[in-house]
file my_file.cif (mmCIF, C-alpha atoms and all ligand atoms; chains and numbers go by the auth columns)
data_input
#
loop_
_atom_site.group_PDB
_atom_site.id
_atom_site.type_symbol
_atom_site.label_atom_id
_atom_site.label_comp_id
_atom_site.label_asym_id
_atom_site.label_seq_id
_atom_site.Cartn_x
_atom_site.Cartn_y
_atom_site.Cartn_z
_atom_site.B_iso_or_equiv
_atom_site.auth_seq_id
_atom_site.auth_asym_id
ATOM 1 C CA MET A 1 107.565 71.371 120.531 0.00 1313 A
ATOM 2 C CA SER A 2 106.331 72.422 117.189 0.00 1314 A
ATOM 3 C CA ALA A 3 106.701 70.246 114.126 0.00 1315 A
ATOM 4 C CA VAL A 4 107.233 73.326 112.036 0.00 1316 A
ATOM 5 C CA PRO A 5 110.919 73.705 111.222 0.00 1317 A
ATOM 6 C CA ALA A 6 112.591 76.964 112.050 0.00 1318 A
ATOM 7 C CA THR A 7 112.781 79.446 109.236 0.00 1319 A
ATOM 8 C CA VAL A 8 116.350 80.114 108.168 0.00 1320 A
ATOM 9 C CA CYS A 9 117.285 83.634 107.249 0.00 1321 A
ATOM 10 C CA PRO A 10 118.558 83.722 103.642 0.00 1322 A
ATOM 11 C CA GLN A 11 120.797 86.634 104.531 0.00 1323 A
ATOM 12 C CA CYS A 12 122.721 85.472 107.571 0.00 1324 A
ATOM 13 C CA GLY A 13 121.612 81.895 108.094 0.00 1325 A
ATOM 14 C CA ALA A 14 120.146 82.566 111.514 0.00 1326 A
ATOM 15 C CA GLN A 15 117.190 80.467 112.535 0.00 1327 A
ATOM 16 C CA PHE A 16 114.145 82.307 113.677 0.00 1328 A
ATOM 17 C CA ARG A 17 110.485 81.683 114.200 0.00 1329 A
ATOM 18 C CA CYS A 18 108.106 82.908 111.547 0.00 1330 A
ATOM 19 C CA GLY A 19 104.667 83.483 112.991 0.00 1331 A
ATOM 20 C CA MET A 20 102.995 82.987 109.651 0.00 1332 A
ATOM 21 C CA ALA A 21 104.622 79.603 109.138 0.00 1333 A
ATOM 22 C CA ASN A 22 103.557 78.572 112.622 0.00 1334 A
ATOM 23 C CA GLY A 23 99.922 79.440 112.169 0.00 1335 A
ATOM 24 C CA ASP A 24 99.971 82.537 114.344 0.00 1336 A
ATOM 25 C CA LYS A 25 97.357 85.154 113.618 0.00 1337 A
ATOM 26 C CA GLU A 26 100.110 87.657 113.114 0.00 1338 A
ATOM 27 C CA CYS A 27 103.836 87.347 112.684 0.00 1339 A
ATOM 28 C CA TRP A 28 106.195 89.628 114.555 0.00 1340 A
ATOM 29 C CA CYS A 29 107.084 91.061 111.170 0.00 1341 A
ATOM 30 C CA ALA A 30 103.570 92.438 110.810 0.00 1342 A
ATOM 31 C CA SER A 31 104.469 95.074 113.382 0.00 1343 A
ATOM 32 C CA LEU A 32 107.261 96.324 111.155 0.00 1344 A
ATOM 33 C CA PRO A 33 106.828 98.364 108.011 0.00 1345 A
ATOM 34 C CA ALA A 34 107.055 96.253 104.883 0.00 1346 A
ATOM 35 C CA LEU A 35 110.145 96.512 102.779 0.00 1347 A
ATOM 36 C CA SER A 36 109.390 98.262 99.532 0.00 1348 A
ATOM 37 C CA GLN A 37 111.646 95.810 97.778 0.00 1349 A
ATOM 38 C CA ILE A 38 113.964 92.961 98.505 0.00 1350 A
ATOM 39 C CA PRO A 39 117.477 94.358 98.291 0.00 1351 A
ATOM 40 C CA ALA A 40 119.275 93.424 95.110 0.00 1352 A
ATOM 41 C CA LYS A 41 122.276 91.958 96.816 0.00 1353 A
ATOM 42 C CA THR A 42 120.252 89.046 98.031 0.00 1354 A
ATOM 43 C CA ASP A 43 120.348 86.137 95.645 0.00 1355 A
ATOM 44 C CA GLY A 44 117.654 84.026 94.059 0.00 1356 A
ATOM 45 C CA ASP A 45 117.232 81.878 97.125 0.00 1357 A
ATOM 46 C CA LEU A 46 115.198 84.650 98.593 0.00 1358 A
ATOM 47 C CA ALA A 47 112.461 84.037 96.087 0.00 1359 A
ATOM 48 C CA ALA A 48 111.650 80.826 97.895 0.00 1360 A
ATOM 49 C CA ALA A 49 112.215 82.217 101.364 0.00 1361 A
ATOM 50 C CA THR A 50 110.671 85.623 101.650 0.00 1362 A
ATOM 51 C CA CYS A 51 111.194 85.992 105.367 0.00 1363 A
ATOM 52 C CA LEU A 52 114.237 87.645 106.846 0.00 1364 A
ATOM 53 C CA CYS A 53 115.214 87.263 110.461 0.00 1365 A
ATOM 54 C CA PRO A 54 114.389 90.180 112.783 0.00 1366 A
ATOM 55 C CA ALA A 55 117.981 91.431 112.757 0.00 1367 A
ATOM 56 C CA CYS A 56 118.309 91.497 108.978 0.00 1368 A
ATOM 57 C CA LEU A 57 114.854 92.957 108.497 0.00 1369 A
ATOM 58 C CA GLN A 58 115.760 95.818 110.800 0.00 1370 A
ATOM 59 C CA LEU A 59 119.001 96.320 108.892 0.00 1371 A
ATOM 60 C CA TRP A 60 117.194 96.523 105.577 0.00 1372 A
ATOM 61 C CA LEU A 61 114.590 98.874 106.977 0.00 1373 A
ATOM 62 C CA ALA A 62 117.338 101.129 108.310 0.00 1374 A
ATOM 63 C CA ALA A 63 119.112 101.052 104.963 0.00 1375 A
ATOM 64 C CA GLU A 64 115.902 101.979 103.175 0.00 1376 A
ATOM 65 C CA ALA A 65 115.273 104.847 105.536 0.00 1377 A
ATOM 66 C CA ALA A 66 118.814 106.087 105.044 0.00 1378 A
ATOM 67 C CA ALA A 67 118.461 105.862 101.270 0.00 1379 A
ATOM 68 C CA ARG A 68 115.229 107.788 101.406 0.00 1380 A
ATOM 69 C CA ALA A 69 116.782 110.516 103.546 0.00 1381 A
ATOM 70 C CA ALA A 70 119.831 110.861 101.316 0.00 1382 A
HETATM 71 ZN ZN ZN B . 119.216 87.357 109.113 0.00 1401 B
#
call {"tool": "encode", "arguments": {"input": "my_file.cif", "output": "structure tokens"}}
result
Amino acid sequence: MSAVPATVCPQCGAQFRCGMANGDKECWCASLPALSQIPAKTDGDLAAATCLCPACLQLWLAAEAAARAA
């Protein structure tokens, strides 16, 4: 068991494991393209918690791709 608490997604409240916070060489998120910006509808809490859970990160990436294609 790790002493590192689970990261909580600021978007949906899901708990997930952040590789960076757990000392991994690379977080799972490193295999995904970086978001160009944190979506505006997230609130200030995100400033302190910059990680999103895998599900939300995928959602934001899809939304960005859709916006770019529009
Ligand atoms: Zn989430």
call {"tool": "closest_residue", "arguments": {"input": "my_file.cif", "among": "A:Ala1377, A:Gln1370, A:Ala1382, A:Leu1364", "to": "Ala1326 of chain A", "atoms": "only C-alpha atoms"}}
result
A:Leu1364
call {"tool": "residues_near_ligand", "arguments": {"input": "my_file.cif", "ligand": "ligand ZN 1401 (chain B)", "cutoff": "7 Å", "atoms": "only C-alpha atoms and all ligand atoms", "output": "PDB file with C-alpha atoms, keeping the file's coordinate frame"}}
result
ATOM      1  CA  CYS A1321     117.285  83.634 107.249  1.00  0.00           C
ATOM      2  CA  PRO A1322     118.558  83.722 103.642  1.00  0.00           C
ATOM      3  CA  GLN A1323     120.797  86.634 104.531  1.00  0.00           C
ATOM      4  CA  CYS A1324     122.721  85.472 107.571  1.00  0.00           C
ATOM      5  CA  GLY A1325     121.612  81.895 108.094  1.00  0.00           C
ATOM      6  CA  ALA A1326     120.146  82.566 111.514  1.00  0.00           C
ATOM      7  CA  LEU A1364     114.237  87.645 106.846  1.00  0.00           C
ATOM      8  CA  CYS A1365     115.214  87.263 110.461  1.00  0.00           C
ATOM      9  CA  PRO A1366     114.389  90.180 112.783  1.00  0.00           C
ATOM     10  CA  ALA A1367     117.981  91.431 112.757  1.00  0.00           C
ATOM     11  CA  CYS A1368     118.309  91.497 108.978  1.00  0.00           C
TER      12      CYS A1368
END
call {"tool": "atom_distance", "arguments": {"input": "my_file.cif", "atom1": "atom CA of Pro1317 of chain A", "atom2": "atom CA of Gly1335 of chain A"}}
result
12.4 Å
call {"tool": "atom_distance", "arguments": {"input": "my_file.cif", "atom1": "atom CA of Asn1334 of chain A", "atom2": "atom CA of Thr1319 of chain A"}}
result
9.9 Å
call {"tool": "atom_distance", "arguments": {"input": "my_file.cif", "atom1": "atom CA of Leu1371 of chain A", "atom2": "atom CA of Lys1337 of chain A"}}
result
24.8 Å
call {"tool": "resolve_selection", "arguments": {"input": "my_file.cif", "expression": "the PyMOL selection byres (((chain A and resi 1330) around 8) and not hetatm)", "output": "list in words"}}
result
Ala1318, Thr1319, Phe1328, Arg1329, Gly1331, Met1332, Ala1333, Asn1334, Cys1339, Trp1340 and Cys1363 of chain A
call {"tool": "write_last_selection", "arguments": {"input": "my_file.cif", "atoms": "C-alpha atoms", "output": "PDB file, in the frame of the given file"}}
result
ATOM      1  CA  ALA A1318     112.591  76.964 112.050  1.00  0.00           C
ATOM      2  CA  THR A1319     112.781  79.446 109.236  1.00  0.00           C
ATOM      3  CA  PHE A1328     114.145  82.307 113.677  1.00  0.00           C
ATOM      4  CA  ARG A1329     110.485  81.683 114.200  1.00  0.00           C
ATOM      5  CA  GLY A1331     104.667  83.483 112.991  1.00  0.00           C
ATOM      6  CA  MET A1332     102.995  82.987 109.651  1.00  0.00           C
ATOM      7  CA  ALA A1333     104.622  79.603 109.138  1.00  0.00           C
ATOM      8  CA  ASN A1334     103.557  78.572 112.622  1.00  0.00           C
ATOM      9  CA  CYS A1339     103.836  87.347 112.684  1.00  0.00           C
ATOM     10  CA  TRP A1340     106.195  89.628 114.555  1.00  0.00           C
ATOM     11  CA  CYS A1363     111.194  85.992 105.367  1.00  0.00           C
TER      12      CYS A1363
END
call {"tool": "build_atoms", "arguments": {"input": "my_file.cif", "residues": "segment 1318-1342 of chain A", "atoms": "N, CA and C atoms", "output": "compact mmCIF listing (two decimals), in the frame of the given file"}}
result
# COMPACT_ATOMS: atom_id res chain seq x y z
N ALA A 1318 112.25 75.56 111.94
CA ALA A 1318 112.59 76.96 112.05
C ALA A 1318 112.86 77.52 110.66
N THR A 1319 112.46 78.77 110.48
CA THR A 1319 112.78 79.45 109.24
C THR A 1319 114.24 79.89 109.30
N VAL A 1320 114.95 79.70 108.20
CA VAL A 1320 116.35 80.11 108.17
C VAL A 1320 116.48 81.38 107.34
N CYS A 1321 117.12 82.37 107.93
CA CYS A 1321 117.28 83.63 107.25
C CYS A 1321 118.19 83.46 106.03
N PRO A 1322 117.73 83.86 104.85
CA PRO A 1322 118.56 83.72 103.64
C PRO A 1322 119.75 84.67 103.64
N GLN A 1323 119.71 85.67 104.48
CA GLN A 1323 120.80 86.63 104.53
C GLN A 1323 121.95 86.15 105.40
N CYS A 1324 121.65 85.77 106.63
CA CYS A 1324 122.72 85.47 107.57
C CYS A 1324 122.69 84.03 108.07
N GLY A 1325 121.66 83.29 107.70
CA GLY A 1325 121.61 81.90 108.09
C GLY A 1325 121.09 81.65 109.50
N ALA A 1326 120.68 82.72 110.17
CA ALA A 1326 120.15 82.57 111.51
C ALA A 1326 118.78 81.89 111.45
N GLN A 1327 118.51 81.07 112.45
CA GLN A 1327 117.19 80.47 112.54
C GLN A 1327 116.30 81.35 113.38
N PHE A 1328 115.10 81.50 112.93
CA PHE A 1328 114.14 82.31 113.68
C PHE A 1328 112.76 81.73 113.47
N ARG A 1329 111.83 82.22 114.25
CA ARG A 1329 110.48 81.68 114.20
C ARG A 1329 109.59 82.63 113.40
N CYS A 1330 109.04 82.11 112.34
CA CYS A 1330 108.11 82.91 111.55
C CYS A 1330 106.69 82.63 112.03
N GLY A 1331 106.01 83.66 112.48
CA GLY A 1331 104.67 83.48 112.99
C GLY A 1331 103.72 82.94 111.95
N MET A 1332 103.87 83.43 110.73
CA MET A 1332 103.00 82.99 109.65
C MET A 1332 103.13 81.48 109.41
N ALA A 1333 104.37 81.01 109.41
CA ALA A 1333 104.62 79.60 109.14
C ALA A 1333 104.16 78.73 110.29
N ASN A 1334 103.96 79.34 111.45
CA ASN A 1334 103.56 78.57 112.62
C ASN A 1334 102.07 78.72 112.92
N GLY A 1335 101.37 79.35 112.01
CA GLY A 1335 99.92 79.44 112.17
C GLY A 1335 99.47 80.54 113.11
N ASP A 1336 100.38 81.43 113.50
CA ASP A 1336 99.97 82.54 114.34
C ASP A 1336 99.06 83.48 113.56
N LYS A 1337 98.22 84.18 114.29
CA LYS A 1337 97.36 85.15 113.62
C LYS A 1337 98.21 86.21 112.95
N GLU A 1338 99.28 86.58 113.62
CA GLU A 1338 100.11 87.66 113.11
C GLU A 1338 101.57 87.36 113.43
N CYS A 1339 102.41 87.53 112.45
CA CYS A 1339 103.84 87.35 112.68
C CYS A 1339 104.41 88.61 113.30
N TRP A 1340 105.53 88.45 113.99
CA TRP A 1340 106.20 89.63 114.56
C TRP A 1340 106.49 90.65 113.47
N CYS A 1341 106.71 90.16 112.26
CA CYS A 1341 107.08 91.06 111.17
C CYS A 1341 105.93 91.97 110.77
N ALA A 1342 104.72 91.61 111.16
CA ALA A 1342 103.57 92.44 110.81
C ALA A 1342 103.60 93.77 111.55
